[in-house]
$ cat entry11.cif   # mmCIF, C-alpha atoms
data_upload
loop_
_atom_site.group_PDB
_atom_site.id
_atom_site.type_symbol
_atom_site.label_atom_id
_atom_site.label_comp_id
_atom_site.auth_asym_id
_atom_site.auth_seq_id
_atom_site.Cartn_x
_atom_site.Cartn_y
_atom_site.Cartn_z
ATOM 1 C CA MET P 1 -34.865 -49.194 107.569
ATOM 2 C CA ARG P 2 -36.701 -50.223 104.430
ATOM 3 C CA LEU P 3 -39.066 -47.801 102.746
ATOM 4 C CA ILE P 4 -41.684 -49.280 100.441
ATOM 5 C CA PHE P 5 -43.220 -46.894 97.928
ATOM 6 C CA VAL P 6 -46.662 -47.560 96.468
ATOM 7 C CA ARG P 7 -48.497 -45.278 94.083
ATOM 8 C CA HIS P 8 -52.216 -45.144 94.864
ATOM 9 C CA GLY P 9 -54.533 -47.279 92.745
ATOM 10 C CA GLU P 10 -56.228 -46.089 89.586
ATOM 11 C CA THR P 11 -58.948 -43.431 89.637
ATOM 12 C CA ASP P 12 -61.390 -42.488 86.894
ATOM 13 C CA LEU P 13 -59.353 -39.336 86.293
ATOM 14 C CA ASN P 14 -56.177 -41.416 85.833
ATOM 15 C CA LEU P 15 -58.027 -43.630 83.385
ATOM 16 C CA ALA P 16 -59.196 -40.578 81.423
ATOM 17 C CA ARG P 17 -55.639 -39.135 81.550
ATOM 18 C CA LYS P 18 -56.826 -36.016 83.353
ATOM 19 C CA TYR P 19 -54.774 -33.973 85.777
ATOM 20 C CA CYS P 20 -55.939 -34.976 89.243
ATOM 21 C CA GLY P 21 -53.669 -33.042 91.609
ATOM 22 C CA GLN P 22 -55.549 -31.792 94.660
ATOM 23 C CA LEU P 23 -58.939 -33.117 93.535
ATOM 24 C CA ASP P 24 -60.078 -35.530 96.219
ATOM 25 C CA VAL P 25 -61.254 -38.509 94.192
ATOM 26 C CA GLY P 26 -61.491 -42.147 95.193
ATOM 27 C CA LEU P 27 -60.300 -45.308 93.522
ATOM 28 C CA ASN P 28 -62.267 -46.846 90.693
ATOM 29 C CA GLU P 29 -63.015 -50.582 90.576
ATOM 30 C CA HIS P 30 -59.762 -51.355 88.774
ATOM 31 C CA GLY P 31 -57.824 -49.311 91.352
ATOM 32 C CA VAL P 32 -59.347 -51.361 94.163
ATOM 33 C CA GLN P 33 -58.392 -54.571 92.342
ATOM 34 C CA GLN P 34 -54.827 -53.296 91.840
ATOM 35 C CA MET P 35 -54.451 -52.703 95.568
ATOM 36 C CA GLU P 36 -56.014 -56.069 96.473
ATOM 37 C CA LEU P 37 -53.521 -57.876 94.220
ATOM 38 C CA LEU P 38 -50.672 -55.777 95.565
ATOM 39 C CA ARG P 39 -51.626 -56.644 99.133
ATOM 40 C CA GLU P 40 -50.860 -60.281 98.293
ATOM 41 C CA LYS P 41 -47.412 -59.291 96.954
ATOM 42 C CA LEU P 42 -46.689 -57.286 100.111
ATOM 43 C CA ASP P 43 -47.901 -60.049 102.429
ATOM 44 C CA SER P 44 -44.338 -61.026 103.389
ATOM 45 C CA TYR P 45 -43.640 -57.550 104.806
ATOM 46 C CA SER P 46 -44.611 -56.421 108.275
ATOM 47 C CA PHE P 47 -45.210 -52.684 108.317
ATOM 48 C CA ASP P 48 -44.249 -50.705 111.393
ATOM 49 C CA LEU P 49 -45.543 -47.423 109.989
ATOM 50 C CA VAL P 50 -47.806 -46.403 107.111
ATOM 51 C CA ILE P 51 -47.683 -42.892 105.607
ATOM 52 C CA THR P 52 -50.131 -41.324 103.135
ATOM 53 C CA SER P 53 -51.250 -37.938 101.923
ATOM 54 C CA ASP P 54 -54.609 -36.734 103.176
ATOM 55 C CA LEU P 55 -56.327 -37.355 99.823
ATOM 56 C CA LEU P 56 -58.938 -40.110 99.523
ATOM 57 C CA ARG P 57 -57.237 -42.169 96.815
ATOM 58 C CA ALA P 58 -54.111 -42.575 98.952
ATOM 59 C CA HIS P 59 -56.139 -43.404 102.103
ATOM 60 C CA GLN P 60 -58.223 -45.996 100.302
ATOM 61 C CA SER P 61 -55.142 -47.634 98.838
ATOM 62 C CA ALA P 62 -53.422 -47.851 102.230
ATOM 63 C CA GLU P 63 -56.542 -49.284 103.869
ATOM 64 C CA ILE P 64 -56.656 -52.061 101.281
ATOM 65 C CA LEU P 65 -52.918 -52.807 101.527
ATOM 66 C CA THR P 66 -52.619 -53.151 105.286
ATOM 67 C CA ASP P 67 -54.515 -53.107 108.567
ATOM 68 C CA VAL P 68 -51.948 -50.721 110.066
ATOM 69 C CA LYS P 69 -53.523 -47.300 110.571
ATOM 70 C CA ALA P 70 -51.924 -44.686 108.337
ATOM 71 C CA LEU P 71 -50.553 -41.319 109.385
ATOM 72 C CA CYS P 72 -51.750 -38.679 106.902
ATOM 73 C CA PHE P 73 -49.749 -35.641 105.842
ATOM 74 C CA PRO P 74 -51.194 -32.835 103.671
ATOM 75 C CA ALA P 75 -47.602 -31.950 102.692
ATOM 76 C CA PHE P 76 -47.516 -35.248 100.767
ATOM 77 C CA ASN P 77 -50.542 -34.332 98.632
ATOM 78 C CA GLU P 78 -50.010 -34.333 94.879
ATOM 79 C CA MET P 79 -48.894 -31.166 93.124
ATOM 80 C CA ASP P 80 -51.526 -28.441 92.944
ATOM 81 C CA PHE P 81 -52.222 -28.114 89.221
ATOM 82 C CA GLY P 82 -54.720 -25.323 89.891
ATOM 83 C CA ASP P 83 -57.006 -24.568 86.955
ATOM 84 C CA PHE P 84 -55.607 -27.533 84.991
ATOM 85 C CA GLU P 85 -57.145 -30.086 87.348
ATOM 86 C CA GLY P 86 -59.895 -32.253 85.917
ATOM 87 C CA TYR P 87 -58.753 -31.741 82.308
ATOM 88 C CA THR P 88 -56.637 -33.688 79.820
ATOM 89 C CA TYR P 89 -53.607 -31.953 78.356
ATOM 90 C CA GLN P 90 -55.519 -31.559 75.077
ATOM 91 C CA GLU P 91 -58.364 -29.793 76.918
ATOM 92 C CA ILE P 92 -55.876 -27.645 78.826
ATOM 93 C CA SER P 93 -54.045 -26.579 75.676
ATOM 94 C CA ALA P 94 -57.371 -25.487 74.144
ATOM 95 C CA LYS P 95 -58.777 -23.804 77.271
ATOM 96 C CA PHE P 96 -55.552 -22.239 78.619
ATOM 97 C CA PRO P 97 -53.235 -21.980 75.577
ATOM 98 C CA LEU P 98 -50.810 -19.398 77.004
ATOM 99 C CA ASP P 99 -50.516 -21.071 80.403
ATOM 100 C CA TRP P 100 -50.077 -24.465 78.765
ATOM 101 C CA ALA P 101 -47.376 -23.153 76.431
ATOM 102 C CA ASN P 102 -45.599 -21.560 79.397
ATOM 103 C CA TYR P 103 -45.682 -24.842 81.280
ATOM 104 C CA CYS P 104 -44.465 -26.866 78.274
ATOM 105 C CA ASN P 105 -41.595 -24.463 77.654
ATOM 106 C CA ASN P 106 -40.564 -24.058 81.282
ATOM 107 C CA TRP P 107 -41.995 -26.891 83.416
ATOM 108 C CA GLN P 108 -39.336 -26.493 86.105
ATOM 109 C CA THR P 109 -40.449 -22.991 87.126
ATOM 110 C CA ALA P 110 -43.871 -22.282 85.576
ATOM 111 C CA ILE P 111 -46.674 -21.665 88.062
ATOM 112 C CA PHE P 112 -49.935 -23.433 87.334
ATOM 113 C CA PRO P 113 -52.755 -20.844 87.268
ATOM 114 C CA ASN P 114 -54.223 -20.848 90.795
ATOM 115 C CA GLY P 115 -51.848 -23.685 91.649
ATOM 116 C CA GLU P 116 -48.187 -24.073 92.514
ATOM 117 C CA SER P 117 -44.873 -24.269 90.704
ATOM 118 C CA PHE P 118 -42.527 -27.246 90.698
ATOM 119 C CA PRO P 119 -40.036 -25.577 93.110
ATOM 120 C CA ILE P 120 -42.826 -24.846 95.602
ATOM 121 C CA PHE P 121 -44.105 -28.415 95.280
ATOM 122 C CA TYR P 122 -40.609 -29.882 95.635
ATOM 123 C CA ASP P 123 -39.825 -27.788 98.714
ATOM 124 C CA ARG P 124 -43.173 -28.679 100.342
ATOM 125 C CA VAL P 125 -42.664 -32.406 99.898
ATOM 126 C CA ILE P 126 -38.977 -32.547 100.795
ATOM 127 C CA ALA P 127 -39.305 -30.316 103.885
ATOM 128 C CA ALA P 128 -41.930 -32.696 105.309
ATOM 129 C CA PHE P 129 -40.008 -35.764 104.168
ATOM 130 C CA MET P 130 -36.756 -34.642 105.821
ATOM 131 C CA GLU P 131 -38.540 -33.852 109.065
ATOM 132 C CA GLU P 132 -40.314 -37.223 109.167
ATOM 133 C CA TRP P 133 -37.383 -39.234 107.766
ATOM 134 C CA LYS P 134 -35.463 -38.837 111.027
ATOM 135 C CA LYS P 135 -38.388 -40.300 112.983
ATOM 136 C CA TRP P 136 -38.811 -43.222 110.580
ATOM 137 C CA GLN P 137 -35.278 -44.481 111.188
ATOM 138 C CA GLN P 138 -36.436 -46.273 114.342
ATOM 139 C CA PHE P 139 -38.630 -48.586 112.265
ATOM 140 C CA ASP P 140 -37.716 -51.653 110.212
ATOM 141 C CA THR P 141 -40.267 -51.226 107.417
ATOM 142 C CA VAL P 142 -42.247 -48.126 106.432
ATOM 143 C CA LEU P 143 -44.981 -48.159 103.767
ATOM 144 C CA PHE P 144 -45.430 -44.865 101.897
ATOM 145 C CA VAL P 145 -48.604 -44.750 99.790
ATOM 146 C CA GLY P 146 -48.495 -41.670 97.636
ATOM 147 C CA HIS P 147 -48.969 -39.869 94.358
ATOM 148 C CA LEU P 148 -46.776 -40.146 91.276
ATOM 149 C CA GLY P 149 -45.376 -36.619 91.539
ATOM 150 C CA VAL P 150 -44.621 -36.958 95.251
ATOM 151 C CA LEU P 151 -42.925 -40.325 94.803
ATOM 152 C CA ARG P 152 -40.841 -38.934 91.936
ATOM 153 C CA VAL P 153 -39.698 -35.979 94.044
ATOM 154 C CA ILE P 154 -38.721 -38.210 96.972
ATOM 155 C CA ALA P 155 -36.886 -40.577 94.617
ATOM 156 C CA LEU P 156 -34.923 -37.608 93.214
ATOM 157 C CA PHE P 157 -34.003 -36.536 96.714
ATOM 158 C CA LEU P 158 -32.992 -39.992 97.950
ATOM 159 C CA GLN P 159 -30.898 -40.693 94.856
ATOM 160 C CA LYS P 160 -29.356 -37.197 94.942
ATOM 161 C CA GLN P 161 -30.495 -36.576 91.367
ATOM 162 C CA LYS P 162 -31.042 -33.268 89.625
ATOM 163 C CA ILE P 163 -34.566 -32.097 88.815
ATOM 164 C CA THR P 164 -34.005 -32.900 85.142
ATOM 165 C CA PHE P 165 -34.276 -36.615 86.063
ATOM 166 C CA TYR P 166 -37.806 -36.115 87.450
ATOM 167 C CA TRP P 167 -39.507 -37.811 84.476
ATOM 168 C CA ASP P 168 -37.150 -40.813 84.641
ATOM 169 C CA ASN P 169 -38.495 -41.980 87.998
ATOM 170 C CA ASP P 170 -41.672 -43.916 87.382
ATOM 171 C CA PHE P 171 -43.965 -45.601 89.873
ATOM 172 C CA LYS P 172 -46.607 -47.747 88.240
ATOM 173 C CA GLN P 173 -49.987 -48.335 89.818
ATOM 174 C CA GLY P 174 -50.409 -51.819 91.231
ATOM 175 C CA THR P 175 -46.684 -52.290 91.941
ATOM 176 C CA TYR P 176 -44.275 -51.468 94.734
ATOM 177 C CA SER P 177 -40.703 -50.210 94.950
ATOM 178 C CA LEU P 178 -38.352 -50.876 97.836
ATOM 179 C CA TRP P 179 -35.729 -48.362 98.944
ATOM 180 C CA ASP P 180 -33.027 -49.887 101.081
ATOM 181 C CA ASN P 181 -31.585 -47.215 103.326
ATOM 182 C CA GLU P 182 -28.448 -49.188 104.095
ATOM 183 C CA SER P 183 -27.409 -49.595 100.454
ATOM 184 C CA GLN P 184 -28.885 -46.183 99.521
ATOM 185 C CA ARG P 185 -30.640 -47.544 96.447
ATOM 186 C CA PHE P 186 -33.824 -49.096 95.140
ATOM 187 C CA VAL P 187 -33.493 -52.862 95.421
ATOM 188 C CA ILE P 188 -36.965 -53.458 93.976
ATOM 189 C CA LEU P 189 -38.541 -51.171 91.405
ATOM 190 C CA ASN P 190 -42.107 -51.491 90.117
ATOM 191 C CA GLN P 191 -42.565 -55.147 91.015
#
$ encode --input "entry11.cif" --output "structure tokens"
Amino acid sequence: MRLIFVRHGETDLNLARKYCGQLDVGLNEHGVQQMELLREKLDSYSFDLVITSDLLRAHQSAEILTDVKALCFPAFNEMDFGDFEGYTYQEISAKFPLDWANYCNNWQTAIFPNGESFPIFYDRVIAAFMEEWKKWQQFDTVLFVGHLGVLRVIALFLQKQKITFYWDNDFKQGTYSLWDNESQRFVILNQ
């Protein structure tokens, strides 16, 4: 089984470097173009299954990439940044200085105000992933269109890495990464 990871296309909030999280925003024009170009790169693959979160930007990306109808999972939604959503980190540090300092000093356990902590997010994503992973084994090629945080968490899990490597796993918009289950490694990364 091959698992192809794609980060959703660009949104206006991504462009403005604002925390998006659970905000249900669509792709901007550049995001649509990214997915259209990526569809050409992925043309040689035949997808048996397509997985997304239930947020608009992931749905839109999947619809552009393939005609295969996606299965949507709320458990694969981006991290809930709570009160930080819709703001840049500069705006957050001015508006919520104590919460921002707490997050910066202890990102692995800090709870976002009215949001979730990294351990809660990690457990949510991996519990759903492990449950679905067993079902996906019957397929040759699965396309997973997701969010940066979700893709990073799954990459940690698949590579059996510690949480401290979270920031090292990057998934660029407009590219794809291919996990080969047989070799237990990424054979294509951000192409």
$ resolve_selection --input "entry11.cif" --expression "the PyMOL selection byres ((chain P and resi 157-173) around 8)" --output "number ranges by chain"
P: 6-10, 34, 108, 126, 148, 151-156, 174-177, 184-185, 189-190
$ resolve_selection --input "entry11.cif" --expression "the PyMOL selection byres ((chain P and resi 145) around 9)" --output "ChimeraX atom specification"
/P:4-8,50-53,58-59,61-62,143-144,146-147,151
$ resolve_selection --input "entry11.cif" --expression "the PyMOL selection byres ((chain P and resi 118) around 12)" --output "ChimeraX atom specification"
/P:78-81,103,106-112,115-117,119-126,149-150,152-153,163-164,166
$ residues_around --input "entry11.cif" --residues "P:Ser46" --least-positions-apart "4" --cutoff "10 Å" --atoms "all atoms listed in the file" --output "list of chain:residue names"
P:Leu42, P:Thr66, P:Val68, P:Asp140, P:Thr141, P:Val142, P:Leu143
$ atom_distance --input "entry11.cif" --atom1 "atom CA of P:Cys72" --atom2 "atom CA of P:Asp48"
14.9 Å
$ atom_distance --input "entry11.cif" --atom1 "atom CA of P:Asp54" --atom2 "atom CA of P:Phe84"
20.4 Å
$ residues_around --input "entry11.cif" --residues "P:Arg2" --least-positions-apart "4" --cutoff "10 Å" --atoms "only C-alpha atoms" --output "list in words"
Phe47, Trp136, Gln137, Phe139, Asp140, Thr141, Val142, Leu143, Leu178, Trp179, Asp180, Asn181, Glu182, Phe186 and Val187 of chain P
$ atom_distance --input "entry11.cif" --atom1 "atom CA of P:Lys69" --atom2 "atom CA of P:Met130"
21.5 Å
$ closest_residue --input "entry11.cif" --among "P:Glu85, P:Glu29, P:Glu40, P:Glu63" --to "P:Leu13" --atoms "all atoms listed in the file"
P:Glu85
$ closest_residue --input "entry11.cif" --among "P:Ala127, P:Met1, P:Cys104, P:Leu65" --to "P:Arg39" --atoms "all atoms listed in the file"
P:Leu65
$ closest_residue --input "entry11.cif" --among "P:Leu49, P:Leu23, P:Ala16, P:Ile64" --to "P:Leu37" --atoms "all atoms listed in the file"
P:Ile64
$ residues_around --input "entry11.cif" --residues "P:Glu91" --least-positions-apart "5" --cutoff "12 Å" --atoms "all atoms listed in the file" --output "JSON, numbers by chain"
{"P": [16, 17, 18, 19, 83, 84, 85, 86, 96, 97, 100]}
$ axis_aligned_box --input "entry11.cif" --around "stretch 179-190 of chain P" --padding-each-side "8 Å" --output "AutoDock Vina command-line options"
--center_x -34.8 --center_y -49.8 --center_z 97.1 --size_x 30.7 --size_y 23.3 --size_z 30.0
$ closest_residue --input "entry11.cif" --among "P:Gly31, P:Gly21, P:Gly26, P:Pro74" --to "P:Tyr87" --atoms "only C-alpha atoms"
P:Gly21
